[in-house]
Structure formats: C-alpha cells, structure tokens
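Heads up, the thing below is written out as structure tokens.
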Amino acid sequence: MRAGDRLVAGAVRRSGPWPAVLAGTAVVGAAGELAVPYLIGRTVDTLVTRGPDATHWLALCAAAVAAVMLCESIGVWARGASGAHAAAMLRTGVLRHVLGAGSAATRRFPEGELVTRAGLNAEEVGRAPETVTSALALLVPTAGTLVALTLIAPVLTLTLGAGIVVILFVLRAFLRATTTISGGYQEVQGEIAARLVEALGGARTIAAAGTAGRESRRVLAQLPRLRAHGMGLWRANASAAVRSGLVVPLLEVAVLAVGGFMLAAGDLTVGELYSAARYAVLGASLSTALGHIGGLARARAAAGRVAEVLDLPPVRYGSRTLPPGPGTLQFRDVAVNGLTVGDLTLPGGSVTAVVGRSGSGKSLLAALAGRLAEPERGAVLLDGVPLGELAEAELRRAIGYAFERPALVGETIGDAIVPEPEPLPQLQELPGRRVVEAAQAACADVFVRRLPLGYATPLRDAPMSGGERQRIGLARAFAQGERLLVLDDATSSLDTVTERQVGRALTSDRLGRTRLVAAHRPATAARADQVVWLDGGTVRARGPHDVLWQDPAYRAVFQGAEP
C-alpha cells in the first residue's frame, strides 16, 4: 500500500465515531431500501387477490420509507461531521510535523506549497471517511439485491450479476484515471499558491517597480495547465457516466425481459415481477458511486501530496543536559551544503563575528551553531556535548537565536520576548525582570513602554517598524540564550546609533555568554574578539579584525558598508 493510501486509511480510522455512524445508517438504510420492493410487491399481490392484510402491508411500506429517510438525514449530518473532524486532525498533525521538521520543510517546499498541502489537500483527505463509507455502503444494497433475486429466481441473479461486473470495471478505470488527473490538478494549484505567496511577500517592491502586470502574468501563467487538468477530470467523469449510463437501462431491460418470460410461463407473480424490477434498479445503483469514487480519487491524490510533507524527517533530540561550562562552541570537521567549516572553536564568553560576501555561508554557519541545520559531516559541540544529543528544552534554553526578519509569537509584546504566566494586567504593571532586562539590552524597552499597555500590548495592536520588530527579536534571544547567542543578520534594520548600542550590550554581556554575530559593518567586526572570514563556502581566515584589515580582499568585503 502506497503512502497516500495508508494516509487515507488512517484518516478513516482516526475520524472519531462518525464512520461507524455512517456505516450504521448506510446498513439500516440499505436494509430499508431492500425491504421496500418486497413490501410493495406483497402489497400489490394482496390488493390483486383482495386479501385482508393489505392495510398491514401498506403500513409496513410507509415505515420502511420513513426509516430510509431518517437514515439519509442522519447520514448527511454524519458525513459533514466526519469530514470536519478528520480534516482538523490531519491539519494539526501536518502543522506539528512541519514545525518539528524545522527549516528542512521550507527548504524542501515553498511556503505556498506547504499552505496548500496543509489546507486544501488536507481537507480533501478529510473527506475520505465520507467517500469510503458511502462507496462501501452501496455494496450493501447490491449484495442484498443479488440475494433477494436469488430467492425470487436464480436466473435473474445471473442477469443482474453480469451487468454489475461491467459496472465495477468502469468504476475501477474511473478511479485510476481520476486519481492521476487530480494529482496533476492539485500540483498546479500548489505551484500557483507558491507564486502568489512570493508575490504577496514582495507586494511593496512590485508596486514600487511598477511590475504588477508582469507579476500577475507570472502568477497566473499556470492557469492553462490547471484548465487542462480540469477538463481532463470532466472528460473522465463524463466518459464513465456515459458507460455506466448505458449499462444501467440495458441491465434493467434484460431483467424485465427475463422476468416477463417467466411471468408468462407462470413462474412469477405480478408482485414478484415488480420486486425484481425494483431490485434491478437497486442493484444497478452501484453506478451512482461515480461521485464517491471521484471524491476518493481526489482524496488519494491529495493524500500523496500530504504524505510527502509527513515524510520529512523530524528533528531528533537526545536526552542529555549540559554540564557546567562557559559556553564553548566547537565545530569539528564540519561540512554541509557546500560550506566547509572544518575545525573551529568559539571560546566561552567570547564574541565571534562572521563576515563574508552574500552567499558565502554566514547564515548557514549561524544555523549550524543553533542546530537549525544539521552537518552532513562532523559535529557541533557546546561545552563538549554534541548538539544532537541535547534534549530539546535544554538546547533551546542554552541557545538564543535572532533573525533578520523575526516572527513574533505570542499574544502580547511580553509573550513575544518571554512567555509569562501572569495575566495581562499584572504584566502591564510589573513585567518580568527577565523581559525588561532583555528589552533594555536590545534597546526596545523605551518604545515598548510608550505603547498603550506597555509589555501587555497585544501584538496585533502594536504597529512596529522593521527595526522595532528586529529589536523585539533581539530581546527574545537575550532572554532565552543562557550560554550562546547567535545573531544572524539580526541588526540589519537598526539605525547606526541603535546598532552601536546593541553592539555594546553584546560585547559587555554581564552573563558572559558566547556570542556569534553575522557582521556587515566593520565596526561590528572590530568589537569582536575574533573574526571568521568566509569566502566561497570555506573559512578563508580567522583572527582579530585589525589584523585581517591589512588584507585588501578583507576590506573589500565591507566596501560601501557604514563604518
């Protein structure tokens, strides 16, 4: 069984009690549908012979019809509930897995693709319980019909069985074709979503450059492919509908013809012939499974796309804790994705600036230091312990990380720096000491206190510039990292004065933490204890800034940068 089919089966199993409700209503409803032709037939025979039980059989007919209608109503409600439950469970699982996979998810899939797979595709898979249960439910009246016809006349069973085999072949071919076409349709949807997310992220640049028309054409360039797949789905559905539509009336005519000869020979009563005709219609109702089969095909195709995301290996953590130490960071024979670090040591409590031209590997080196990337070769150690062996809580407590464009997580400004257990009013009056100290070190305390609720201001009500958001991200790193601070281009949006103030806070850190800073200004590198100079994915040199400054190639790295 392929991964997509396993995911569909899992969605059915984990969709709560609703598939059982659907199956129960389907079986009871099918039993009612099977009973109706028999009851009507007995009623007709009783009326023809003027028997005394006509009213009794007529009441049973009404009861059976009422039971079928009740089951159908409950089934509609259960189908909606099962789909919503299964989709919610799957979306939650995909979200947790993507976050657990870390940066590997966004390296493997564009953001728009991830949104499509966790949204639209997960919803399609969530409909699997409904489609599977509904499709299987159609087998109940079909099997019951064959049994009922056998009790009436076995030759009628053979006639109906031949037609059902043809219908099953049509449905099988339709499932295969629709699964393939649906996969292509969903793939194009993902590509369009990925391009749209990219365009929205650069909306200001597009508007400023006056390239909105060209960007719109780029985003919508895949629409012809989407239309082609949509037309393919329509043609597959129409072809299957025509084939099954031809089989059904021919099958009914065949059953009626055989039954008519038997009636003429005296082997069937009028009521039995009516029952046989109704059972032929019920048996041929398997052809109405096209809608359910189409839904199952879309669910299978979507499940294959979701399964690709779930196949991403999650970040594995160990169980070790850090021994007492100054925060010494060691790279031992490390290489990854075109970056060769080799052996490199950041002494505990020191400041190391990483410099290099764009694309030289500064961000990748910073990611290795915070275990946001895994080395393909070698190991990264903090106070002698490989990062991969540390427990997750221990790792994140030990290392604080700040980015160029930080994502602020939490309800309030204070939560974005350090999650606090106090209610908002208490946080407004007396924010945690760690929150304030971190904000002060990041030069964020002044502007935060100007907000209406201070540190208790909800993030959605706190309009911030890029530099202010970056300062909150820096404050989070200061508050979190107990041994190592990693700043990946985390001061690029700060003005010169603020950047220098933050730089002084880094170099005079009262906790004596080890600091790794991706530097773009010579002043930042000058304040560091050592500089690691990256060039073309390798460490070209390391040493004090004033020594490296003698090299014209090193000075050229900062050409045009502010001093």
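In the structure tokens, the first chain shown is A, the next is B, and so on; residue numbers restart at 1 for each chain, and ligands run from 1 in the order shown.
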
- Message: If you run DSSP on the backbone here, which positions in region 323-371 of chain A get helix (DSSP H, G or I)? Please write them as a PyMOL selection string.
- Response: chain A and resi 362-369

Can those selected residues be exported to a file as a CSV table (one decimal), in the first residue's frame so that it contains N, CA, C and O atoms?
```csv
chain,number,residue,atom,x,y,z
A,362,LYS,N,27.3,32.6,5.7
A,362,LYS,CA,27.2,33.2,7.0
A,362,LYS,C,26.0,32.7,7.7
A,362,LYS,O,26.0,32.2,8.9
A,363,SER,N,24.8,32.7,7.0
A,363,SER,CA,23.6,32.2,7.6
A,363,SER,C,23.6,30.8,7.9
A,363,SER,O,23.1,30.3,8.9
A,364,LEU,N,24.3,30.0,7.0
A,364,LEU,CA,24.3,28.6,7.2
A,364,LEU,C,25.2,28.2,8.4
A,364,LEU,O,24.9,27.3,9.2
A,365,LEU,N,26.3,29.0,8.6
A,365,LEU,CA,27.2,28.8,9.8
A,365,LEU,C,26.4,29.1,11.1
A,365,LEU,O,26.5,28.4,12.1
A,366,ALA,N,25.6,30.2,11.0
A,366,ALA,CA,24.8,30.5,12.2
A,366,ALA,C,23.8,29.5,12.5
A,366,ALA,O,23.5,29.1,13.6
A,367,ALA,N,23.2,28.9,11.4
A,367,ALA,CA,22.2,27.9,11.6
A,367,ALA,C,22.8,26.6,12.2
A,367,ALA,O,22.2,25.9,13.0
A,368,LEU,N,24.0,26.3,11.8
A,368,LEU,CA,24.7,25.1,12.4
A,368,LEU,C,24.9,25.4,13.9
A,368,LEU,O,24.8,24.4,14.7
A,369,ALA,N,25.3,26.6,14.3
A,369,ALA,CA,25.5,26.9,15.7
A,369,ALA,C,24.3,26.8,16.5
A,369,ALA,O,24.4,26.4,17.7
```

Could you give me, as JSON lines, a per-residue list for region 298-408 of chain A showing, wherever an atom lies at most 7 Å from an atom of region 90-106 of chain A, the closest pair of atoms and their distance in Å to one decimal, using only C-alpha atoms and sorting by chain then residue number from low to high?
```
{"residue": "A:Leu310", "atom": "CA", "partner": "A:His97", "partner_atom": "CA", "distance": 6.5}
{"residue": "A:Leu312", "atom": "CA", "partner": "A:Ala101", "partner_atom": "CA", "distance": 6.6}
{"residue": "A:Pro313", "atom": "CA", "partner": "A:Ala101", "partner_atom": "CA", "distance": 6.2}
{"residue": "A:Pro314", "atom": "CA", "partner": "A:Ala101", "partner_atom": "CA", "distance": 4.2}
{"residue": "A:Val315", "atom": "CA", "partner": "A:Ala101", "partner_atom": "CA", "distance": 5.4}
{"residue": "A:Leu372", "atom": "CA", "partner": "A:Ser103", "partner_atom": "CA", "distance": 6.6}
```

Output N, CA and C atoms for every residue in the selection just made, as an mmCIF file, in the first residue's frame.
```cif
data_model
loop_
_atom_site.group_PDB
_atom_site.id
_atom_site.type_symbol
_atom_site.label_atom_id
_atom_site.label_comp_id
_atom_site.auth_asym_id
_atom_site.auth_seq_id
_atom_site.Cartn_x
_atom_site.Cartn_y
_atom_site.Cartn_z
ATOM 1 N N LEU A 310 4.664 14.758 5.354
ATOM 2 C CA LEU A 310 4.824 13.953 6.562
ATOM 3 C C LEU A 310 6.047 13.053 6.509
ATOM 4 N N LEU A 312 8.931 14.123 5.666
ATOM 5 C CA LEU A 312 10.104 14.898 6.065
ATOM 6 C C LEU A 312 10.583 14.414 7.428
ATOM 7 N N PRO A 313 11.859 14.134 7.573
ATOM 8 C CA PRO A 313 12.324 13.639 8.878
ATOM 9 C C PRO A 313 12.262 14.730 9.932
ATOM 10 N N PRO A 314 11.628 14.477 11.059
ATOM 11 C CA PRO A 314 11.595 15.485 12.121
ATOM 12 C C PRO A 314 12.960 15.620 12.789
ATOM 13 N N VAL A 315 13.180 16.752 13.410
ATOM 14 C CA VAL A 315 14.428 16.955 14.139
ATOM 15 C C VAL A 315 14.422 16.044 15.357
ATOM 16 N N LEU A 372 19.793 24.718 13.744
ATOM 17 C CA LEU A 372 18.702 24.879 12.793
ATOM 18 C C LEU A 372 19.057 24.225 11.469
#
```

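Here CA of Leu160 (chain A) and CA of Tyr274 (chain A) stand 15.0 Å from one another.
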
- Task: Output as number ranges by chain all residues of region 283-359 of chain A that backbone DSSP marks as strand (DSSP E).
- Result: A: 329-336, 339-346, 351-355

Can you write just those residues out, C-alpha atoms, as a CSV table (one decimal), in the first residue's frame?
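again_26.csv, freshly written:
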```
chain,number,residue,atom,x,y,z
A,329,LEU,CA,31.2,26.2,20.9
A,330,GLN,CA,33.3,23.8,18.7
A,331,PHE,CA,33.0,22.8,15.1
A,332,ARG,CA,34.7,19.5,14.4
A,333,ASP,CA,35.4,18.7,10.7
A,334,VAL,CA,32.0,20.2,9.8
A,335,ALA,CA,30.7,20.5,6.3
A,336,VAL,CA,27.2,20.9,4.9
A,339,LEU,CA,30.0,25.1,3.3
A,340,THR,CA,33.2,23.6,4.8
A,341,VAL,CA,33.9,24.9,8.3
A,342,GLY,CA,36.5,22.3,9.3
A,343,ASP,CA,37.7,22.7,12.9
A,344,LEU,CA,36.6,26.0,14.6
A,345,THR,CA,36.4,26.9,18.2
A,346,LEU,CA,34.5,29.8,19.8
A,351,VAL,CA,32.4,37.4,20.7
A,352,THR,CA,33.0,36.0,17.2
A,353,ALA,CA,32.0,38.0,14.1
A,354,VAL,CA,31.3,36.1,10.9
A,355,VAL,CA,32.0,38.2,7.8
```

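Using only C-alpha atoms, the contacts of Ala477 (chain A) at a cut-off of 8 Å, with sequence neighbours closer than 5 positions omitted, comprise Ile399, Gly400, Tyr401, Ala402, Ile417, Leu485 and Val486 of chain A.
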
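Compared by their closest atoms to Ser182 (chain A), and using only C-alpha atoms, the residues A:Leu7, A:Ala302, A:Val380, A:Leu196 rank with A:Ala302 nearest.
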
- Query: So how far away is CA of Pro37 (chain A) from CA of Val281 (chain A), in Å?
  - Reply: 10.3 Å

- Item | Selection near region 176-179 of chain A, 10 Å with only C-alpha atoms, sequence-local residues under 5 positions removed, as an NGL selection string | :A and (171 or 184-185 or 229 or 232-237 or 293-302)

- Task: Just the residues within 10 Å of region 263-272 of chain A, please, counting only C-alpha atoms, with nothing from its chain fewer than 3 positions along; format it as number ranges by chain.
- Result: A: 37-46, 48, 149, 152-153, 256-260, 275-278

Kindly export the residues of the current selection with N, CA and C atoms, as a tab-separated table (two decimals), in the first residue's frame.
```tsv
chain	number	residue	atom	x	y	z
A	37	PRO	N	-39.08	-2.81	-1.97
A	37	PRO	CA	-39.65	-3.54	-3.12
A	37	PRO	C	-40.42	-4.79	-2.70
A	38	TYR	N	-39.88	-5.50	-1.73
A	38	TYR	CA	-40.58	-6.71	-1.28
A	38	TYR	C	-41.93	-6.35	-0.66
A	39	LEU	N	-41.95	-5.34	0.19
A	39	LEU	CA	-43.19	-4.95	0.84
A	39	LEU	C	-44.21	-4.43	-0.16
A	40	ILE	N	-43.74	-3.64	-1.15
A	40	ILE	CA	-44.66	-3.14	-2.18
A	40	ILE	C	-45.20	-4.31	-3.00
A	41	GLY	N	-44.29	-5.26	-3.30
A	41	GLY	CA	-44.74	-6.43	-4.06
A	41	GLY	C	-45.81	-7.21	-3.33
A	42	ARG	N	-45.61	-7.43	-2.01
A	42	ARG	CA	-46.62	-8.13	-1.23
A	42	ARG	C	-47.92	-7.34	-1.16
A	43	THR	N	-47.76	-6.01	-1.08
A	43	THR	CA	-48.96	-5.18	-1.04
A	43	THR	C	-49.74	-5.29	-2.35
A	44	VAL	N	-49.01	-5.26	-3.47
A	44	VAL	CA	-49.68	-5.37	-4.78
A	44	VAL	C	-50.39	-6.71	-4.89
A	45	ASP	N	-49.69	-7.80	-4.51
A	45	ASP	CA	-50.32	-9.13	-4.60
A	45	ASP	C	-51.54	-9.23	-3.70
A	46	THR	N	-51.46	-8.60	-2.52
A	46	THR	CA	-52.61	-8.64	-1.60
A	46	THR	C	-53.79	-7.86	-2.17
A	48	VAL	N	-54.34	-7.30	-5.39
A	48	VAL	CA	-54.86	-8.01	-6.57
A	48	VAL	C	-55.78	-9.16	-6.14
A	149	LEU	N	-32.92	-11.48	-5.38
A	149	LEU	CA	-33.26	-12.04	-6.69
A	149	LEU	C	-33.05	-13.54	-6.73
A	152	ILE	N	-36.03	-15.06	-5.46
A	152	ILE	CA	-37.16	-14.98	-6.40
A	152	ILE	C	-36.93	-15.92	-7.57
A	153	ALA	N	-35.77	-15.77	-8.23
A	153	ALA	CA	-35.45	-16.61	-9.39
A	153	ALA	C	-33.95	-16.51	-9.67
A	256	LEU	N	-36.10	-7.27	-16.81
A	256	LEU	CA	-37.54	-7.24	-17.08
A	256	LEU	C	-37.92	-8.23	-18.19
A	257	ALA	N	-37.05	-8.35	-19.18
A	257	ALA	CA	-37.35	-9.29	-20.26
A	257	ALA	C	-37.38	-10.73	-19.76
A	258	VAL	N	-36.36	-11.09	-18.99
A	258	VAL	CA	-36.32	-12.45	-18.45
A	258	VAL	C	-37.50	-12.66	-17.50
A	259	GLY	N	-37.75	-11.64	-16.65
A	259	GLY	CA	-38.88	-11.77	-15.72
A	259	GLY	C	-40.21	-11.84	-16.45
A	260	GLY	N	-40.36	-11.11	-17.58
A	260	GLY	CA	-41.60	-11.16	-18.36
A	260	GLY	C	-41.86	-12.55	-18.91
A	275	SER	N	-41.13	-6.62	-7.85
A	275	SER	CA	-39.99	-6.65	-6.92
A	275	SER	C	-38.69	-6.85	-7.69
A	276	ALA	N	-38.70	-7.74	-8.67
A	276	ALA	CA	-37.48	-7.99	-9.45
A	276	ALA	C	-37.06	-6.73	-10.20
A	277	ALA	N	-38.03	-6.00	-10.75
A	277	ALA	CA	-37.70	-4.77	-11.45
A	277	ALA	C	-37.09	-3.74	-10.51
A	278	ARG	N	-37.67	-3.63	-9.32
A	278	ARG	CA	-37.11	-2.68	-8.35
A	278	ARG	C	-35.72	-3.13	-7.88
```

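Shortest atom-to-atom contact with Ala173 (chain A) among A:Ala228, A:Ala199, A:Val132, A:Ala241: A:Ala241, counting only C-alpha atoms.
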
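Picture a line from CA of Glu198 (chain A) to CA of Gly466 (chain A); it runs 18.8 Å.
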
- Query: Which one is closest to Ile413 (chain A): A:Gly536, A:Pro386, A:Pro375, A:Pro458? Count only C-alpha atoms.
  - Reply: A:Pro458

- Message: Ranking A:Gly80, A:Gly349, A:Gly327, A:Gly126 by minimum distance to Leu381 (chain A) and counting only C-alpha atoms, which one comes first?
- Response: A:Gly327

- What lies within 7 Å of Ala64 (chain A) using only C-alpha atoms, ignoring chain neighbours under 3 positions off, as an NGL selection string? :A and (32 or 35-36 or 60-61 or 67-68)

How would the residues just picked look written out with N, CA and C atoms as an mmCIF file, in the first residue's frame?
```
data_model
loop_
_atom_site.group_PDB
_atom_site.id
_atom_site.type_symbol
_atom_site.label_atom_id
_atom_site.label_comp_id
_atom_site.auth_asym_id
_atom_site.auth_seq_id
_atom_site.Cartn_x
_atom_site.Cartn_y
_atom_site.Cartn_z
ATOM 1 N N GLY A 32 -33.610 -0.991 4.598
ATOM 2 C CA GLY A 32 -34.932 -0.420 4.318
ATOM 3 C C GLY A 32 -35.221 -0.369 2.836
ATOM 4 N N ALA A 35 -36.045 -3.695 1.645
ATOM 5 C CA ALA A 35 -37.346 -4.177 2.111
ATOM 6 C C ALA A 35 -38.496 -3.552 1.332
ATOM 7 N N VAL A 36 -38.294 -2.300 0.860
ATOM 8 C CA VAL A 36 -39.396 -1.593 0.197
ATOM 9 C C VAL A 36 -39.926 -2.345 -1.020
ATOM 10 N N LEU A 60 -46.433 -1.231 6.687
ATOM 11 C CA LEU A 60 -45.020 -1.631 6.704
ATOM 12 C C LEU A 60 -44.229 -0.899 5.622
ATOM 13 N N CYS A 61 -44.852 -0.682 4.475
ATOM 14 C CA CYS A 61 -44.179 0.087 3.406
ATOM 15 C C CYS A 61 -43.874 1.502 3.878
ATOM 16 N N ALA A 67 -37.959 4.964 7.600
ATOM 17 C CA ALA A 67 -36.645 4.567 8.112
ATOM 18 C C ALA A 67 -35.539 4.965 7.139
ATOM 19 N N VAL A 68 -35.785 4.791 5.849
ATOM 20 C CA VAL A 68 -34.789 5.175 4.837
ATOM 21 C C VAL A 68 -34.542 6.677 4.889
#
```

- So which residues touch Arg483 (chain A) within 10 Å, counting only C-alpha atoms, skipping near sequence neighbours fewer than 6 positions away, as a count of residues only? 19
